file protein_27.pdb (PDB, C-alpha atoms, pLDDT in the B column)
ATOM      1  CA  MET Z 106      40.541 -12.052   6.661  1.00 59.00           C
ATOM      2  CA  LYS Z 107      39.902  -8.874   8.604  1.00 64.00           C
ATOM      3  CA  VAL Z 108      36.342  -7.726   9.323  1.00 58.00           C
ATOM      4  CA  GLU Z 109      35.806  -3.983   9.540  1.00 62.00           C
ATOM      5  CA  LEU Z 110      32.955  -2.658  11.627  1.00 57.00           C
ATOM      6  CA  LYS Z 111      31.026   0.384  10.532  1.00 62.00           C
ATOM      7  CA  GLU Z 112      30.444   3.325  12.792  1.00 67.00           C
ATOM      8  CA  ASN Z 113      27.696   2.787  15.363  1.00 67.00           C
ATOM      9  CA  VAL Z 114      24.750   4.968  14.300  1.00 63.00           C
ATOM     10  CA  LYS Z 115      21.702   5.374  16.523  1.00 69.00           C
ATOM     11  CA  PHE Z 116      18.443   4.347  14.931  1.00 65.00           C
ATOM     12  CA  THR Z 117      15.462   6.700  15.282  1.00 71.00           C
ATOM     13  CA  THR Z 118      11.994   6.719  13.765  1.00 67.00           C
ATOM     14  CA  ALA Z 119      12.914   9.917  11.897  1.00 70.00           C
ATOM     15  CA  ASN Z 120      15.141   7.744   9.659  1.00 63.00           C
ATOM     16  CA  ILE Z 121      12.166   5.724   8.388  1.00 61.00           C
ATOM     17  CA  PRO Z 122      10.435   7.034   5.247  1.00 60.00           C
ATOM     18  CA  PHE Z 123       6.712   7.695   5.651  1.00 62.00           C
ATOM     19  CA  ALA Z 124       5.574   5.511   2.766  1.00 62.00           C
ATOM     20  CA  PRO Z 125       6.980   3.128   0.177  1.00 57.00           C
ATOM     21  CA  SER Z 126       5.712   4.855  -2.936  1.00 50.00           C
ATOM     22  CA  TYR Z 127       3.069   7.417  -3.745  1.00 51.00           C
ATOM     23  CA  LYS Z 128       2.838   6.979  -7.509  1.00 54.00           C
ATOM     24  CA  PRO Z 129       2.943   3.648  -9.323  1.00 50.00           C
ATOM     25  CA  GLY Z 130       6.180   2.915 -11.112  1.00 54.00           C
ATOM     26  CA  LEU Z 131       4.405   1.187 -13.967  1.00 55.00           C
ATOM     27  CA  VAL Z 132       3.683   2.969 -17.218  1.00 59.00           C
ATOM     28  CA  THR Z 133       1.162   0.553 -18.697  1.00 63.00           C
ATOM     29  CA  LYS Z 134      -2.092  -0.606 -17.209  1.00 70.00           C
ATOM     30  CA  ASN Z 135      -1.966  -4.105 -15.760  1.00 67.00           C
ATOM     31  CA  SER Z 136      -5.489  -4.608 -14.476  1.00 55.00           C
ATOM     32  CA  GLY Z 137      -6.504  -6.854 -17.393  1.00 69.00           C
ATOM     33  CA  TRP Z 138      -5.277 -10.098 -15.810  1.00 75.00           C
ATOM     34  CA  ARG Z 139      -6.527  -9.408 -12.278  1.00 84.00           C
ATOM     35  CA  ASN Z 140      -9.214 -11.804 -10.922  1.00 89.00           C
ATOM     36  CA  GLU Z 141     -10.181  -9.792  -7.850  1.00 92.00           C
ATOM     37  CA  LYS Z 142      -9.993  -6.128  -6.959  1.00 92.00           C
ATOM     38  CA  PRO Z 143      -9.967  -4.426  -3.551  1.00 94.00           C
ATOM     39  CA  VAL Z 144     -12.974  -2.291  -2.666  1.00 94.00           C
ATOM     40  CA  CYS Z 145     -12.849   0.066   0.304  1.00 93.00           C
ATOM     41  CA  ASP Z 146     -15.988   0.685   2.370  1.00 93.00           C
ATOM     42  CA  LYS Z 147     -15.666   4.401   3.153  1.00 89.00           C
ATOM     43  CA  GLU Z 148     -17.877   4.129   6.243  1.00 91.00           C
ATOM     44  CA  LYS Z 149     -15.757   1.397   7.867  1.00 92.00           C
ATOM     45  CA  CYS Z 150     -12.457   3.068   6.952  1.00 91.00           C
ATOM     46  CA  ASN Z 151     -11.047   5.000   9.903  1.00 89.00           C
ATOM     47  CA  GLY Z 152      -8.118   6.509   7.996  1.00 87.00           C
ATOM     48  CA  CYS Z 153      -5.293   4.519   9.611  1.00 89.00           C
ATOM     49  CA  PHE Z 154      -3.607   4.274   6.143  1.00 89.00           C
ATOM     50  CA  LEU Z 155      -1.985   0.886   6.824  1.00 92.00           C
ATOM     51  CA  CYS Z 156      -3.149  -0.235   3.381  1.00 93.00           C
ATOM     52  CA  TYR Z 157      -1.385   2.798   1.896  1.00 91.00           C
ATOM     53  CA  LEU Z 158       1.838   1.910   3.682  1.00 91.00           C
ATOM     54  CA  TYR Z 159       1.804  -1.805   2.807  1.00 92.00           C
ATOM     55  CA  CYS Z 160       0.690  -1.626  -0.838  1.00 92.00           C
ATOM     56  CA  PRO Z 161       3.646  -2.995  -2.851  1.00 89.00           C
ATOM     57  CA  ASP Z 162       2.700  -1.072  -5.999  1.00 85.00           C
ATOM     58  CA  GLY Z 163       1.758   2.242  -4.405  1.00 87.00           C
ATOM     59  CA  VAL Z 164      -1.701   2.283  -5.983  1.00 90.00           C
ATOM     60  CA  ILE Z 165      -3.434   3.427  -2.802  1.00 92.00           C
ATOM     61  CA  SER Z 166      -3.352   7.160  -2.209  1.00 89.00           C
ATOM     62  CA  LYS Z 167      -4.613   9.395   0.564  1.00 85.00           C
ATOM     63  CA  HIS Z 168      -7.479  11.788  -0.111  1.00 83.00           C
ATOM     64  CA  GLY Z 169      -8.308  13.676   3.066  1.00 82.00           C
ATOM     65  CA  ASP Z 170      -8.948  11.084   5.756  1.00 81.00           C
ATOM     66  CA  LYS Z 171      -9.897   8.297   3.316  1.00 83.00           C
ATOM     67  CA  VAL Z 172      -8.082   6.227   0.683  1.00 88.00           C
ATOM     68  CA  GLU Z 173      -8.478   5.919  -3.078  1.00 91.00           C
ATOM     69  CA  ILE Z 174      -7.347   2.901  -5.118  1.00 92.00           C
ATOM     70  CA  ASP Z 175      -5.987   3.251  -8.658  1.00 90.00           C
ATOM     71  CA  TYR Z 176      -7.509   0.178 -10.311  1.00 89.00           C
ATOM     72  CA  ASP Z 177      -5.551   0.685 -13.538  1.00 87.00           C
ATOM     73  CA  PHE Z 178      -2.324  -0.403 -11.826  1.00 86.00           C
ATOM     74  CA  CYS Z 179      -3.647  -2.601  -8.997  1.00 89.00           C
ATOM     75  CA  LYS Z 180      -2.566  -6.243  -9.340  1.00 88.00           C
ATOM     76  CA  GLY Z 181      -5.191  -7.579  -6.921  1.00 90.00           C
ATOM     77  CA  CYS Z 182      -2.662  -9.139  -4.541  1.00 91.00           C
ATOM     78  CA  GLY Z 183      -4.948  -8.656  -1.505  1.00 94.00           C
ATOM     79  CA  ILE Z 184      -2.287  -7.360   0.878  1.00 95.00           C
ATOM     80  CA  CYS Z 185      -4.428  -4.297   1.619  1.00 94.00           C
ATOM     81  CA  GLN Z 186      -7.334  -6.532   2.678  1.00 95.00           C
ATOM     82  CA  LYS Z 187      -5.120  -8.659   4.916  1.00 95.00           C
ATOM     83  CA  ILE Z 188      -3.565  -5.638   6.641  1.00 94.00           C
ATOM     84  CA  CYS Z 189      -6.872  -3.766   7.202  1.00 93.00           C
ATOM     85  CA  LYS Z 190      -7.773  -4.264  10.866  1.00 92.00           C
ATOM     86  CA  HIS Z 191     -11.285  -2.820  10.524  1.00 92.00           C
ATOM     87  CA  GLY Z 192     -12.428  -4.967   7.596  1.00 94.00           C
ATOM     88  CA  ALA Z 193     -12.975  -1.907   5.415  1.00 94.00           C
ATOM     89  CA  ILE Z 194     -11.318  -3.478   2.375  1.00 95.00           C
ATOM     90  CA  THR Z 195     -12.833  -6.510   0.723  1.00 96.00           C
ATOM     91  CA  MET Z 196     -11.771  -8.334  -2.434  1.00 95.00           C
ATOM     92  CA  GLU Z 197     -14.497  -8.517  -5.070  1.00 94.00           C
ATOM     93  CA  SER Z 198     -14.297 -10.580  -8.245  1.00 93.00           C
ATOM     94  CA  GLU Z 199     -13.763  -8.795 -11.543  1.00 83.00           C
ATOM     95  CA  LYS Z 200     -16.786  -8.798 -13.826  1.00 74.00           C
TER
END
call {"tool": "encode", "arguments": {"input": "protein_27.pdb", "output": "structure tokens"}}
result
Amino acid sequence: MKVELKENVKFTTANIPFAPSYKPGLVTKNSGWRNEKPVCDKEKCNGCFLCYLYCPDGVISKHGDKVEIDYDFCKGCGICQKICKHGAITMESEK
């Protein structure tokens, strides 16, 4: 069996996309089964947008230097809270 090597391509940061997804890919609301939802404290948020980059569903969007969360499509996974270094995002129980 012969192994073929691909051409050596230099890796640069320009090859990395800025964000995973801006708009949610879901067409129906899925917030009905969520137990907790993320809430962003606008005063603690410094606009680093790590939550925006790590959100698997793309429900966090940038508005100026702050973030907005689309609760209709948020699954409540808590990744945004875990990645926030400033403690601006907390998970609150659904009422």
call {"tool": "resolve_selection", "arguments": {"input": "protein_27.pdb", "expression": "the PyMOL selection byres ((chain Z and resi 199) around 10)", "output": "ChimeraX atom specification"}}
result
/Z:136-143,181,196-198,200
call {"tool": "resolve_selection", "arguments": {"input": "protein_27.pdb", "expression": "the PyMOL selection byres ((chain Z and resi 159) around 8)", "output": "NGL selection string"}}
result
:Z and (125 or 155-158 or 160-161 or 184-185 or 188)
call {"tool": "atom_distance", "arguments": {"input": "protein_27.pdb", "atom1": "atom CA of Z:Val144", "atom2": "atom CA of Z:Thr195"}}
result
5.4 Å
call {"tool": "atom_distance", "arguments": {"input": "protein_27.pdb", "atom1": "atom CA of Z:Gly163", "atom2": "atom CA of Z:Glu148"}}
result
22.4 Å
call {"tool": "closest_residue", "arguments": {"input": "protein_27.pdb", "among": "Z:Cys189, Z:Cys145, Z:Ile194, Z:Cys150", "to": "Z:Asp170", "atoms": "only C-alpha atoms"}}
result
Z:Cys150
call {"tool": "closest_residue", "arguments": {"input": "protein_27.pdb", "among": "Z:Gly152, Z:Lys171, Z:Cys179, Z:Asp146", "to": "Z:Ala193", "atoms": "all atoms listed in the file"}}
result
Z:Asp146
